[in-house]
file model.pdb (PDB, C-alpha atoms)
MODEL        1
ATOM      1  CA  MET A   1     -79.591   8.598-193.949  1.00  0.00           C
ATOM      2  CA  GLY A   2     -81.426   6.531-196.583  1.00  0.00           C
ATOM      3  CA  GLN A   3     -80.573   2.971-197.500  1.00  0.00           C
ATOM      4  CA  ARG A   4     -79.116   4.052-200.854  1.00  0.00           C
ATOM      5  CA  ASP A   5     -76.789   6.609-199.180  1.00  0.00           C
ATOM      6  CA  LEU A   6     -75.686   4.016-196.660  1.00  0.00           C
ATOM      7  CA  LEU A   7     -74.749   1.499-199.363  1.00  0.00           C
ATOM      8  CA  ARG A   8     -72.757   4.153-201.217  1.00  0.00           C
ATOM      9  CA  ASN A   9     -70.526   4.562-198.158  1.00  0.00           C
ATOM     10  CA  LEU A  10     -69.709   0.860-197.963  1.00  0.00           C
ATOM     11  CA  THR A  11     -66.814  -0.695-199.849  1.00  0.00           C
ATOM     12  CA  GLU A  12     -66.399  -4.245-201.075  1.00  0.00           C
ATOM     13  CA  ILE A  13     -64.410  -6.489-198.732  1.00  0.00           C
ATOM     14  CA  GLU A  14     -61.317  -7.940-200.390  1.00  0.00           C
ATOM     15  CA  ILE A  15     -60.255 -11.333-199.060  1.00  0.00           C
ATOM     16  CA  GLU A  16     -56.519 -11.869-199.395  1.00  0.00           C
ATOM     17  CA  SER A  17     -55.178 -15.161-200.653  1.00  0.00           C
ATOM     18  CA  PRO A  18     -52.493 -17.003-198.626  1.00  0.00           C
ATOM     19  CA  VAL A  19     -49.967 -15.974-201.306  1.00  0.00           C
ATOM     20  CA  ASP A  20     -50.871 -12.286-200.832  1.00  0.00           C
ATOM     21  CA  ILE A  21     -50.459 -12.635-197.070  1.00  0.00           C
ATOM     22  CA  ILE A  22     -47.031 -14.265-197.411  1.00  0.00           C
ATOM     23  CA  ILE A  23     -45.855 -11.518-199.785  1.00  0.00           C
ATOM     24  CA  ARG A  24     -47.171  -8.847-197.419  1.00  0.00           C
ATOM     25  CA  GLN A  25     -45.382 -10.410-194.442  1.00  0.00           C
ATOM     26  CA  ILE A  26     -42.095 -10.553-196.377  1.00  0.00           C
ATOM     27  CA  ARG A  27     -42.626  -6.890-197.317  1.00  0.00           C
ATOM     28  CA  ASN A  28     -43.116  -5.971-193.653  1.00  0.00           C
ATOM     29  CA  LEU A  29     -39.931  -7.796-192.644  1.00  0.00           C
ATOM     30  CA  ILE A  30     -37.972  -5.868-195.290  1.00  0.00           C
ATOM     31  CA  VAL A  31     -39.502  -2.478-194.458  1.00  0.00           C
ATOM     32  CA  ASP A  32     -38.984  -3.007-190.698  1.00  0.00           C
ATOM     33  CA  GLY A  33     -35.324  -3.857-191.269  1.00  0.00           C
ATOM     34  CA  GLU A  34     -35.632  -7.408-189.989  1.00  0.00           C
ATOM     35  CA  LEU A  35     -34.806  -8.780-193.435  1.00  0.00           C
ATOM     36  CA  ASN A  36     -32.158  -6.854-195.353  1.00  0.00           C
ATOM     37  CA  PRO A  37     -30.927  -7.021-198.967  1.00  0.00           C
ATOM     38  CA  GLY A  38     -28.520  -9.932-199.293  1.00  0.00           C
ATOM     39  CA  GLU A  39     -29.964 -11.835-196.335  1.00  0.00           C
ATOM     40  CA  LYS A  40     -31.240 -15.374-196.705  1.00  0.00           C
ATOM     41  CA  LEU A  41     -34.848 -16.490-196.206  1.00  0.00           C
ATOM     42  CA  PRO A  42     -35.589 -19.566-194.067  1.00  0.00           C
ATOM     43  CA  PRO A  43     -36.092 -22.795-196.044  1.00  0.00           C
ATOM     44  CA  GLU A  44     -39.450 -23.257-197.765  1.00  0.00           C
ATOM     45  CA  ARG A  45     -40.410 -26.088-195.403  1.00  0.00           C
ATOM     46  CA  LYS A  46     -39.761 -24.013-192.266  1.00  0.00           C
ATOM     47  CA  LEU A  47     -41.678 -21.043-193.663  1.00  0.00           C
ATOM     48  CA  ALA A  48     -44.676 -23.271-194.375  1.00  0.00           C
ATOM     49  CA  GLU A  49     -44.565 -24.762-190.864  1.00  0.00           C
ATOM     50  CA  LYS A  50     -44.278 -21.337-189.208  1.00  0.00           C
ATOM     51  CA  LEU A  51     -47.139 -19.875-191.271  1.00  0.00           C
ATOM     52  CA  GLY A  52     -49.291 -22.975-190.848  1.00  0.00           C
ATOM     53  CA  ILE A  53     -50.003 -23.382-194.556  1.00  0.00           C
ATOM     54  CA  GLY A  54     -49.068 -25.727-197.401  1.00  0.00           C
ATOM     55  CA  ARG A  55     -45.678 -25.418-199.061  1.00  0.00           C
ATOM     56  CA  SER A  56     -47.340 -24.785-202.431  1.00  0.00           C
ATOM     57  CA  TYR A  57     -48.467 -21.328-201.231  1.00  0.00           C
ATOM     58  CA  VAL A  58     -44.953 -20.475-200.055  1.00  0.00           C
ATOM     59  CA  ARG A  59     -43.519 -21.732-203.341  1.00  0.00           C
ATOM     60  CA  GLU A  60     -45.939 -19.610-205.389  1.00  0.00           C
ATOM     61  CA  ALA A  61     -45.190 -16.473-203.357  1.00  0.00           C
ATOM     62  CA  ILE A  62     -41.434 -16.978-203.743  1.00  0.00           C
ATOM     63  CA  LYS A  63     -41.766 -17.573-207.488  1.00  0.00           C
ATOM     64  CA  LYS A  64     -43.694 -14.350-207.953  1.00  0.00           C
ATOM     65  CA  LEU A  65     -41.196 -12.367-205.893  1.00  0.00           C
ATOM     66  CA  GLU A  66     -38.333 -13.971-207.845  1.00  0.00           C
ATOM     67  CA  PHE A  67     -39.948 -13.078-211.151  1.00  0.00           C
ATOM     68  CA  TYR A  68     -40.032  -9.409-210.176  1.00  0.00           C
ATOM     69  CA  GLY A  69     -36.445  -9.467-208.963  1.00  0.00           C
ATOM     70  CA  ILE A  70     -37.319  -9.019-205.287  1.00  0.00           C
ATOM     71  CA  LEU A  71     -35.897 -12.395-204.300  1.00  0.00           C
ATOM     72  CA  LYS A  72     -33.109 -14.429-205.880  1.00  0.00           C
ATOM     73  CA  THR A  73     -32.456 -18.144-205.482  1.00  0.00           C
ATOM     74  CA  LEU A  74     -28.759 -18.961-205.684  1.00  0.00           C
ATOM     75  CA  PRO A  75     -27.378 -22.486-206.202  1.00  0.00           C
ATOM     76  CA  GLN A  76     -26.176 -23.993-202.920  1.00  0.00           C
ATOM     77  CA  SER A  77     -27.104 -20.772-201.088  1.00  0.00           C
ATOM     78  CA  GLY A  78     -30.893 -20.662-200.941  1.00  0.00           C
ATOM     79  CA  THR A  79     -33.244 -17.712-201.479  1.00  0.00           C
ATOM     80  CA  ILE A  80     -32.007 -14.213-200.634  1.00  0.00           C
ATOM     81  CA  VAL A  81     -33.392 -10.677-200.783  1.00  0.00           C
ATOM     82  CA  SER A  82     -32.124  -8.774-203.829  1.00  0.00           C
ATOM     83  CA  GLY A  83     -29.416  -6.200-203.205  1.00  0.00           C
ATOM     84  CA  ILE A  84     -31.448  -3.144-204.200  1.00  0.00           C
ATOM     85  CA  GLY A  85     -32.671  -0.339-202.000  1.00  0.00           C
ATOM     86  CA  ILE A  86     -35.415  -0.758-199.407  1.00  0.00           C
ATOM     87  CA  THR A  87     -37.593   1.913-201.058  1.00  0.00           C
ATOM     88  CA  ALA A  88     -37.373   0.185-204.428  1.00  0.00           C
ATOM     89  CA  LEU A  89     -38.139  -3.205-202.871  1.00  0.00           C
ATOM     90  CA  GLU A  90     -41.150  -1.833-201.023  1.00  0.00           C
ATOM     91  CA  GLY A  91     -42.523  -0.273-204.209  1.00  0.00           C
ATOM     92  CA  LEU A  92     -42.020  -3.457-206.216  1.00  0.00           C
ATOM     93  CA  ILE A  93     -43.798  -5.602-203.639  1.00  0.00           C
ATOM     94  CA  SER A  94     -46.720  -3.171-203.511  1.00  0.00           C
ATOM     95  CA  ASP A  95     -47.042  -3.468-207.303  1.00  0.00           C
ATOM     96  CA  VAL A  96     -47.015  -7.278-207.094  1.00  0.00           C
ATOM     97  CA  LEU A  97     -49.805  -7.235-204.524  1.00  0.00           C
ATOM     98  CA  LYS A  98     -51.941  -5.038-206.779  1.00  0.00           C
ATOM     99  CA  LEU A  99     -51.739  -7.707-209.486  1.00  0.00           C
ATOM    100  CA  HIS A 100     -53.744 -10.114-207.327  1.00  0.00           C
ATOM    101  CA  GLU A 101     -57.050  -8.386-207.970  1.00  0.00           C
ATOM    102  CA  ASP A 102     -59.658 -10.696-209.463  1.00  0.00           C
ATOM    103  CA  ASP A 103     -59.634  -9.506-213.074  1.00  0.00           C
ATOM    104  CA  PHE A 104     -60.388 -12.558-215.156  1.00  0.00           C
ATOM    105  CA  SER A 105     -60.696 -10.466-218.315  1.00  0.00           C
ATOM    106  CA  SER A 106     -57.110  -9.224-218.049  1.00  0.00           C
ATOM    107  CA  LEU A 107     -55.840 -12.704-217.240  1.00  0.00           C
ATOM    108  CA  VAL A 108     -57.510 -14.182-220.314  1.00  0.00           C
ATOM    109  CA  GLU A 109     -56.221 -11.432-222.615  1.00  0.00           C
ATOM    110  CA  THR A 110     -52.702 -11.800-221.234  1.00  0.00           C
ATOM    111  CA  ARG A 111     -52.804 -15.548-221.656  1.00  0.00           C
ATOM    112  CA  TYR A 112     -54.015 -15.167-225.237  1.00  0.00           C
ATOM    113  CA  ILE A 113     -51.149 -12.832-226.173  1.00  0.00           C
ATOM    114  CA  LEU A 114     -48.543 -15.061-224.534  1.00  0.00           C
ATOM    115  CA  GLU A 115     -49.874 -18.314-225.977  1.00  0.00           C
ATOM    116  CA  ILE A 116     -50.035 -17.061-229.570  1.00  0.00           C
ATOM    117  CA  GLN A 117     -46.333 -16.198-229.507  1.00  0.00           C
ATOM    118  CA  SER A 118     -45.531 -19.313-227.503  1.00  0.00           C
ATOM    119  CA  ALA A 119     -47.076 -21.603-230.134  1.00  0.00           C
ATOM    120  CA  ARG A 120     -45.316 -19.770-232.963  1.00  0.00           C
ATOM    121  CA  ASN A 121     -41.916 -19.941-231.269  1.00  0.00           C
ATOM    122  CA  ALA A 122     -42.414 -23.596-230.347  1.00  0.00           C
ATOM    123  CA  ALA A 123     -43.010 -24.493-234.001  1.00  0.00           C
ATOM    124  CA  LEU A 124     -39.779 -22.745-234.964  1.00  0.00           C
ATOM    125  CA  ARG A 125     -37.567 -23.900-232.097  1.00  0.00           C
ATOM    126  CA  ARG A 126     -38.837 -27.243-230.776  1.00  0.00           C
ATOM    127  CA  THR A 127     -36.460 -30.159-230.350  1.00  0.00           C
ATOM    128  CA  GLU A 128     -37.171 -33.868-230.559  1.00  0.00           C
ATOM    129  CA  GLU A 129     -37.125 -33.956-226.765  1.00  0.00           C
ATOM    130  CA  ASP A 130     -39.778 -31.227-226.695  1.00  0.00           C
ATOM    131  CA  LEU A 131     -41.980 -33.302-228.997  1.00  0.00           C
ATOM    132  CA  VAL A 132     -41.732 -36.260-226.636  1.00  0.00           C
ATOM    133  CA  MET A 133     -42.763 -34.096-223.676  1.00  0.00           C
ATOM    134  CA  LEU A 134     -45.619 -32.535-225.641  1.00  0.00           C
ATOM    135  CA  GLU A 135     -46.898 -35.926-226.750  1.00  0.00           C
ATOM    136  CA  GLU A 136     -46.828 -37.175-223.150  1.00  0.00           C
ATOM    137  CA  ALA A 137     -48.713 -34.082-221.963  1.00  0.00           C
ATOM    138  CA  TYR A 138     -51.269 -34.527-224.734  1.00  0.00           C
ATOM    139  CA  LYS A 139     -51.846 -38.189-223.852  1.00  0.00           C
ATOM    140  CA  ALA A 140     -52.265 -37.332-220.156  1.00  0.00           C
ATOM    141  CA  TYR A 141     -54.930 -34.792-221.099  1.00  0.00           C
ATOM    142  CA  GLU A 142     -56.599 -37.205-223.528  1.00  0.00           C
ATOM    143  CA  LYS A 143     -56.792 -39.910-220.865  1.00  0.00           C
ATOM    144  CA  GLU A 144     -58.625 -37.652-218.407  1.00  0.00           C
ATOM    145  CA  VAL A 145     -61.000 -36.256-221.035  1.00  0.00           C
ATOM    146  CA  MET A 146     -61.967 -39.763-222.188  1.00  0.00           C
ATOM    147  CA  LEU A 147     -62.845 -40.561-218.587  1.00  0.00           C
ATOM    148  CA  GLY A 148     -65.232 -37.599-218.608  1.00  0.00           C
ATOM    149  CA  LYS A 149     -63.104 -35.478-216.290  1.00  0.00           C
ATOM    150  CA  GLN A 150     -62.401 -31.736-216.515  1.00  0.00           C
ATOM    151  CA  ALA A 151     -58.636 -32.319-216.786  1.00  0.00           C
ATOM    152  CA  ILE A 152     -57.798 -28.666-216.096  1.00  0.00           C
ATOM    153  CA  ASP A 153     -54.373 -29.493-214.648  1.00  0.00           C
ATOM    154  CA  GLN A 154     -53.468 -31.627-217.672  1.00  0.00           C
ATOM    155  CA  ASP A 155     -54.744 -28.917-220.042  1.00  0.00           C
ATOM    156  CA  LEU A 156     -52.556 -26.241-218.511  1.00  0.00           C
ATOM    157  CA  MET A 157     -49.563 -28.597-218.371  1.00  0.00           C
ATOM    158  CA  PHE A 158     -49.829 -29.093-222.139  1.00  0.00           C
ATOM    159  CA  HIS A 159     -49.730 -25.313-222.608  1.00  0.00           C
ATOM    160  CA  LEU A 160     -46.749 -24.963-220.280  1.00  0.00           C
ATOM    161  CA  LYS A 161     -44.883 -27.591-222.300  1.00  0.00           C
ATOM    162  CA  ILE A 162     -45.503 -25.492-225.407  1.00  0.00           C
ATOM    163  CA  ALA A 163     -44.031 -22.513-223.531  1.00  0.00           C
ATOM    164  CA  GLU A 164     -40.972 -24.622-222.686  1.00  0.00           C
ATOM    165  CA  ALA A 165     -40.592 -25.587-226.339  1.00  0.00           C
ATOM    166  CA  SER A 166     -40.679 -21.894-227.301  1.00  0.00           C
ATOM    167  CA  LYS A 167     -37.209 -21.527-225.707  1.00  0.00           C
ATOM    168  CA  ASN A 168     -38.188 -18.170-224.225  1.00  0.00           C
ATOM    169  CA  GLN A 169     -37.644 -18.350-220.483  1.00  0.00           C
ATOM    170  CA  VAL A 170     -39.339 -15.015-219.781  1.00  0.00           C
ATOM    171  CA  LEU A 171     -42.439 -16.090-221.700  1.00  0.00           C
ATOM    172  CA  LYS A 172     -42.525 -19.352-219.757  1.00  0.00           C
ATOM    173  CA  SER A 173     -42.101 -17.471-216.465  1.00  0.00           C
ATOM    174  CA  LEU A 174     -45.003 -15.194-217.335  1.00  0.00           C
ATOM    175  CA  MET A 175     -47.164 -18.230-218.068  1.00  0.00           C
ATOM    176  CA  MET A 176     -46.228 -19.752-214.707  1.00  0.00           C
ATOM    177  CA  LEU A 177     -46.966 -16.453-212.991  1.00  0.00           C
ATOM    178  CA  ILE A 178     -50.552 -16.205-214.223  1.00  0.00           C
ATOM    179  CA  THR A 179     -51.389 -19.942-214.300  1.00  0.00           C
ATOM    180  CA  PRO A 180     -52.529 -20.262-210.636  1.00  0.00           C
ATOM    181  CA  ASP A 181     -54.979 -17.349-210.978  1.00  0.00           C
ATOM    182  CA  ILE A 182     -56.306 -18.685-214.288  1.00  0.00           C
ATOM    183  CA  LEU A 183     -56.770 -22.151-212.784  1.00  0.00           C
ATOM    184  CA  ARG A 184     -58.764 -20.773-209.844  1.00  0.00           C
ATOM    185  CA  ASN A 185     -60.989 -18.753-212.179  1.00  0.00           C
ATOM    186  CA  TYR A 186     -61.533 -21.677-214.576  1.00  0.00           C
ATOM    187  CA  ILE A 187     -62.905 -23.744-211.723  1.00  0.00           C
ATOM    188  CA  SER A 188     -65.005 -21.028-210.073  1.00  0.00           C
ATOM    189  CA  LYS A 189     -66.507 -19.743-213.351  1.00  0.00           C
ATOM    190  CA  ASN A 190     -66.870 -23.161-215.036  1.00  0.00           C
ATOM    191  CA  VAL A 191     -65.585 -21.684-218.305  1.00  0.00           C
ATOM    192  CA  CYS A 192     -64.877 -25.076-219.829  1.00  0.00           C
ATOM    193  CA  GLY A 193     -68.123 -26.856-219.051  1.00  0.00           C
ATOM    194  CA  ASP A 194     -70.723 -28.267-221.427  1.00  0.00           C
ATOM    195  CA  GLY A 195     -68.434 -30.849-223.016  1.00  0.00           C
ATOM    196  CA  LYS A 196     -65.947 -28.315-224.372  1.00  0.00           C
ATOM    197  CA  PHE A 197     -63.048 -30.535-223.316  1.00  0.00           C
ATOM    198  CA  TYR A 198     -63.637 -32.876-226.266  1.00  0.00           C
ATOM    199  CA  LYS A 199     -63.380 -29.943-228.660  1.00  0.00           C
ATOM    200  CA  ALA A 200     -60.268 -28.719-226.831  1.00  0.00           C
ATOM    201  CA  LEU A 201     -58.721 -32.183-227.182  1.00  0.00           C
ATOM    202  CA  GLN A 202     -59.013 -32.008-230.976  1.00  0.00           C
ATOM    203  CA  GLU A 203     -57.537 -28.505-230.962  1.00  0.00           C
ATOM    204  CA  HIS A 204     -54.600 -29.684-228.837  1.00  0.00           C
ATOM    205  CA  ARG A 205     -53.861 -32.339-231.455  1.00  0.00           C
ATOM    206  CA  GLN A 206     -53.964 -29.757-234.257  1.00  0.00           C
ATOM    207  CA  ILE A 207     -51.563 -27.459-232.407  1.00  0.00           C
ATOM    208  CA  LEU A 208     -49.234 -30.362-231.641  1.00  0.00           C
ATOM    209  CA  GLU A 209     -49.187 -31.457-235.283  1.00  0.00           C
ATOM    210  CA  ALA A 210     -48.374 -27.904-236.420  1.00  0.00           C
ATOM    211  CA  ILE A 211     -45.464 -27.779-233.966  1.00  0.00           C
ATOM    212  CA  LYS A 212     -44.249 -31.156-235.229  1.00  0.00           C
ATOM    213  CA  GLU A 213     -44.419 -29.875-238.813  1.00  0.00           C
ATOM    214  CA  GLN A 214     -42.520 -26.734-237.766  1.00  0.00           C
ATOM    215  CA  ASN A 215     -45.290 -24.617-239.269  1.00  0.00           C
ATOM    216  CA  PRO A 216     -45.448 -21.404-237.174  1.00  0.00           C
ATOM    217  CA  ASP A 217     -48.419 -19.882-239.021  1.00  0.00           C
ATOM    218  CA  LYS A 218     -50.490 -23.029-238.543  1.00  0.00           C
ATOM    219  CA  ALA A 219     -49.473 -23.299-234.881  1.00  0.00           C
ATOM    220  CA  GLU A 220     -50.391 -19.667-234.239  1.00  0.00           C
ATOM    221  CA  ALA A 221     -53.748 -20.015-236.006  1.00  0.00           C
ATOM    222  CA  GLY A 222     -54.480 -23.222-234.120  1.00  0.00           C
ATOM    223  CA  MET A 223     -53.783 -21.591-230.771  1.00  0.00           C
ATOM    224  CA  ALA A 224     -55.912 -18.556-231.696  1.00  0.00           C
ATOM    225  CA  GLU A 225     -58.826 -20.850-232.553  1.00  0.00           C
ATOM    226  CA  HIS A 226     -58.282 -22.888-229.396  1.00  0.00           C
ATOM    227  CA  LEU A 227     -58.546 -19.833-227.130  1.00  0.00           C
ATOM    228  CA  SER A 228     -61.176 -17.938-229.123  1.00  0.00           C
ATOM    229  CA  ASP A 229     -64.221 -19.302-227.268  1.00  0.00           C
ATOM    230  CA  ILE A 230     -62.883 -18.286-223.862  1.00  0.00           C
ATOM    231  CA  LEU A 231     -61.644 -14.927-225.133  1.00  0.00           C
ATOM    232  CA  ASN A 232     -64.913 -14.004-226.853  1.00  0.00           C
ATOM    233  CA  SER A 233     -67.217 -15.247-224.100  1.00  0.00           C
ATOM    234  CA  ASN A 234     -65.197 -13.257-221.600  1.00  0.00           C
ATOM    235  CA  ASN A 235     -65.172 -10.042-223.652  1.00  0.00           C
ATOM    236  CA  PRO A 236     -67.287  -9.962-226.829  1.00  0.00           C
ATOM    237  CA  LYS A 237     -65.833  -6.590-227.847  1.00  0.00           C
ATOM    238  CA  ASN A 238     -62.225  -7.759-228.146  1.00  0.00           C
ATOM    239  CA  THR A 239     -60.578  -7.593-231.541  1.00  0.00           C
ATOM    240  CA  PHE A 240     -57.817 -10.177-231.217  1.00  0.00           C
ATOM    241  CA  ASN A 241     -59.486 -12.705-233.477  1.00  0.00           C
ATOM    242  CA  GLU A 242     -60.101 -12.469-237.206  1.00  0.00           C
TER
ENDMDL
END
call {"tool": "encode", "arguments": {"input": "model.pdb", "output": "structure tokens"}}
result
Amino acid sequence: MGQRDLLRNLTEIEIESPVDIIIRQIRNLIVDGELNPGEKLPPERKLAEKLGIGRSYVREAIKKLEFYGILKTLPQSGTIVSGIGITALEGLISDVLKLHEDDFSSLVETRYILEIQSARNAALRRTEEDLVMLEEAYKAYEKEVMLGKQAIDQDLMFHLKIAEASKNQVLKSLMMLITPDILRNYISKNVCGDGKFYKALQEHRQILEAIKEQNPDKAEAGMAEHLSDILNSNNPKNTFNE
């Protein structure tokens, strides 16, 4: 067998993230009947200790499973498995795991769609309290940028505050769902290098001012401009922008 034929028979090795592994273990417990609909999960702290990982991974896995209706967190009761059939639960969890493939292009496009509507809704629905939170998030980002830092966490926090101001809980949940994957890709691909943070800082201010003015068209246009560099560099053929 030639070298070319040999390579054709090999497949790329996929390395699972800790979040994937947690979700898969919860799936196995449900499928094996050890964890039934309506039953309560152990506390987040105990899960993290048992799995030997940080609580942030457990928290992210639970949030994703909650978003898809597989888990429910009830006040004073903790996190339980949803009361739907085992077959349906197994199928849902399998779909969630498929979403963890490294597809930065899809993540960027999804973020773009969500953020355009988020900015528009925020301009229409923001409260004075929202403006205070947005201003604080902007200043936190500005401080890091002026120190010459990447400020990725502060950047994404500003965008999440816009999602909060949009008063659309599902939109905010979607943003929180994709944020960890976007953050990992931003760092690994260095998509905001070469001093682009200073430009982004000015664009943040423009978006914030549009939200203050309650001008949805201006807020939407500002967000489109803000994300255009990343969108176009990731996929030059897209047609989202003017």
call {"tool": "resolve_selection", "arguments": {"input": "model.pdb", "expression": "the PyMOL selection byres ((chain A and resi 134) around 8)", "output": "MDAnalysis selection string"}}
result
chainID A and resid 130:133 135:138 158 161:162 208
call {"tool": "resolve_selection", "arguments": {"input": "model.pdb", "expression": "the PyMOL selection byres ((chain A and resi 165) around 6)", "output": "tab-separated table (two decimals) with C-alpha atoms, in the frame of the given file"}}
result
chain	number	residue	atom	x	y	z
A	122	ALA	CA	-42.41	-23.60	-230.35
A	126	ARG	CA	-38.84	-27.24	-230.78
A	130	ASP	CA	-39.78	-31.23	-226.70
A	162	ILE	CA	-45.50	-25.49	-225.41
A	163	ALA	CA	-44.03	-22.51	-223.53
A	164	GLU	CA	-40.97	-24.62	-222.69
A	166	SER	CA	-40.68	-21.89	-227.30
A	167	LYS	CA	-37.21	-21.53	-225.71
call {"tool": "closest_residue", "arguments": {"input": "model.pdb", "among": "A:Leu65, A:Val31, A:Ala140, A:Ile211", "to": "Ile80 (chain A)", "atoms": "all atoms listed in the file"}}
result
A:Leu65
call {"tool": "resolve_selection", "arguments": {"input": "model.pdb", "expression": "the PyMOL selection byres ((chain A and resi 223) around 8)", "output": "list in words"}}
result
Glu115, Ile116, Ala119, Glu203, Ile207, Ala219, Glu220, Ala221, Gly222, Ala224, Glu225, His226 and Leu227 of chain A
call {"tool": "residues_around", "arguments": {"input": "model.pdb", "residues": "region 33-48 of chain A", "least_positions_apart": "6", "cutoff": "6 Å", "atoms": "only C-alpha atoms", "output": "ChimeraX atom specification"}}
result
/A:54-55,79-83
call {"tool": "closest_residue", "arguments": {"input": "model.pdb", "among": "A:Arg59, A:Ile53, A:Asn121, A:Glu213", "to": "Gln169 (chain A)", "atoms": "all atoms listed in the file"}}
result
A:Asn121
call {"tool": "atom_distance", "arguments": {"input": "model.pdb", "atom1": "CA of His204 (chain A)", "atom2": "CA of Met157 (chain A)"}}
result
11.7 Å
call {"tool": "atom_distance", "arguments": {"input": "model.pdb", "atom1": "CA of Gly69 (chain A)", "atom2": "CA of Ser56 (chain A)"}}
result
19.9 Å
call {"tool": "atom_distance", "arguments": {"input": "model.pdb", "atom1": "CA of Ser173 (chain A)", "atom2": "CA of Leu71 (chain A)"}}
result
14.6 Å
call {"tool": "axis_aligned_box", "arguments": {"input": "model.pdb", "around": "region 109-121 of chain A", "padding_each_side": "5 Å", "output": "JSON"}}
result
{"center_x": -49.1, "center_y": -16.5, "center_z": -227.1, "size_x": 24.3, "size_y": 20.2, "size_z": 21.7}
call {"tool": "decode", "arguments": {"input": "model.pdb", "residues": "region 100-146 of chain A", "atoms": "C-alpha atoms", "output": "PDB file, in the first residue's frame"}}
result
ATOM      1  CA  HIS A 100     -18.619  21.374  19.842  1.00  0.00           C
ATOM      2  CA  GLU A 101     -16.823  20.890  16.545  1.00  0.00           C
ATOM      3  CA  ASP A 102     -14.239  23.578  15.863  1.00  0.00           C
ATOM      4  CA  ASP A 103     -16.078  25.644  13.254  1.00  0.00           C
ATOM      5  CA  PHE A 104     -14.943  29.200  13.789  1.00  0.00           C
ATOM      6  CA  SER A 105     -16.717  30.359  10.632  1.00  0.00           C
ATOM      7  CA  SER A 106     -20.119  29.268  11.935  1.00  0.00           C
ATOM      8  CA  LEU A 107     -19.430  30.780  15.344  1.00  0.00           C
ATOM      9  CA  VAL A 108     -18.553  34.150  13.829  1.00  0.00           C
ATOM     10  CA  GLU A 109     -21.614  34.181  11.560  1.00  0.00           C
ATOM     11  CA  THR A 110     -23.883  33.231  14.454  1.00  0.00           C
ATOM     12  CA  ARG A 111     -22.392  35.911  16.653  1.00  0.00           C
ATOM     13  CA  TYR A 112     -22.855  38.497  13.908  1.00  0.00           C
ATOM     14  CA  ILE A 113     -26.556  37.679  13.482  1.00  0.00           C
ATOM     15  CA  LEU A 114     -27.195  37.720  17.229  1.00  0.00           C
ATOM     16  CA  GLU A 115     -25.262  40.922  17.901  1.00  0.00           C
ATOM     17  CA  ILE A 116     -26.967  42.940  15.157  1.00  0.00           C
ATOM     18  CA  GLN A 117     -30.383  42.240  16.671  1.00  0.00           C
ATOM     19  CA  SER A 118     -29.019  42.607  20.188  1.00  0.00           C
ATOM     20  CA  ALA A 119     -27.745  46.137  19.502  1.00  0.00           C
ATOM     21  CA  ARG A 120     -31.009  47.140  17.830  1.00  0.00           C
ATOM     22  CA  ASN A 121     -33.146  45.826  20.688  1.00  0.00           C
ATOM     23  CA  ALA A 122     -30.872  47.413  23.290  1.00  0.00           C
ATOM     24  CA  ALA A 123     -31.342  50.839  21.691  1.00  0.00           C
ATOM     25  CA  LEU A 124     -35.111  50.397  21.840  1.00  0.00           C
ATOM     26  CA  ARG A 125     -35.420  48.822  25.285  1.00  0.00           C
ATOM     27  CA  ARG A 126     -32.486  49.925  27.456  1.00  0.00           C
ATOM     28  CA  THR A 127     -33.094  51.349  30.912  1.00  0.00           C
ATOM     29  CA  GLU A 128     -31.035  53.857  32.855  1.00  0.00           C
ATOM     30  CA  GLU A 129     -29.646  50.955  34.870  1.00  0.00           C
ATOM     31  CA  ASP A 130     -28.549  49.270  31.637  1.00  0.00           C
ATOM     32  CA  LEU A 131     -26.696  52.428  30.613  1.00  0.00           C
ATOM     33  CA  VAL A 132     -24.805  52.435  33.901  1.00  0.00           C
ATOM     34  CA  MET A 133     -23.763  48.804  33.410  1.00  0.00           C
ATOM     35  CA  LEU A 134     -22.758  49.442  29.800  1.00  0.00           C
ATOM     36  CA  GLU A 135     -20.688  52.468  30.761  1.00  0.00           C
ATOM     37  CA  GLU A 136     -18.906  50.444  33.455  1.00  0.00           C
ATOM     38  CA  ALA A 137     -18.191  47.639  30.976  1.00  0.00           C
ATOM     39  CA  TYR A 138     -16.895  50.151  28.444  1.00  0.00           C
ATOM     40  CA  LYS A 139     -14.567  51.776  30.986  1.00  0.00           C
ATOM     41  CA  ALA A 140     -13.220  48.372  32.070  1.00  0.00           C
ATOM     42  CA  TYR A 141     -12.406  47.595  28.439  1.00  0.00           C
ATOM     43  CA  GLU A 142     -10.903  51.048  27.869  1.00  0.00           C
ATOM     44  CA  LYS A 143      -8.641  50.674  30.900  1.00  0.00           C
ATOM     45  CA  GLU A 144      -7.154  47.399  29.648  1.00  0.00           C
ATOM     46  CA  VAL A 145      -6.723  48.642  26.074  1.00  0.00           C
ATOM     47  CA  MET A 146      -4.881  51.766  27.263  1.00  0.00           C
TER      48      MET A 146
END
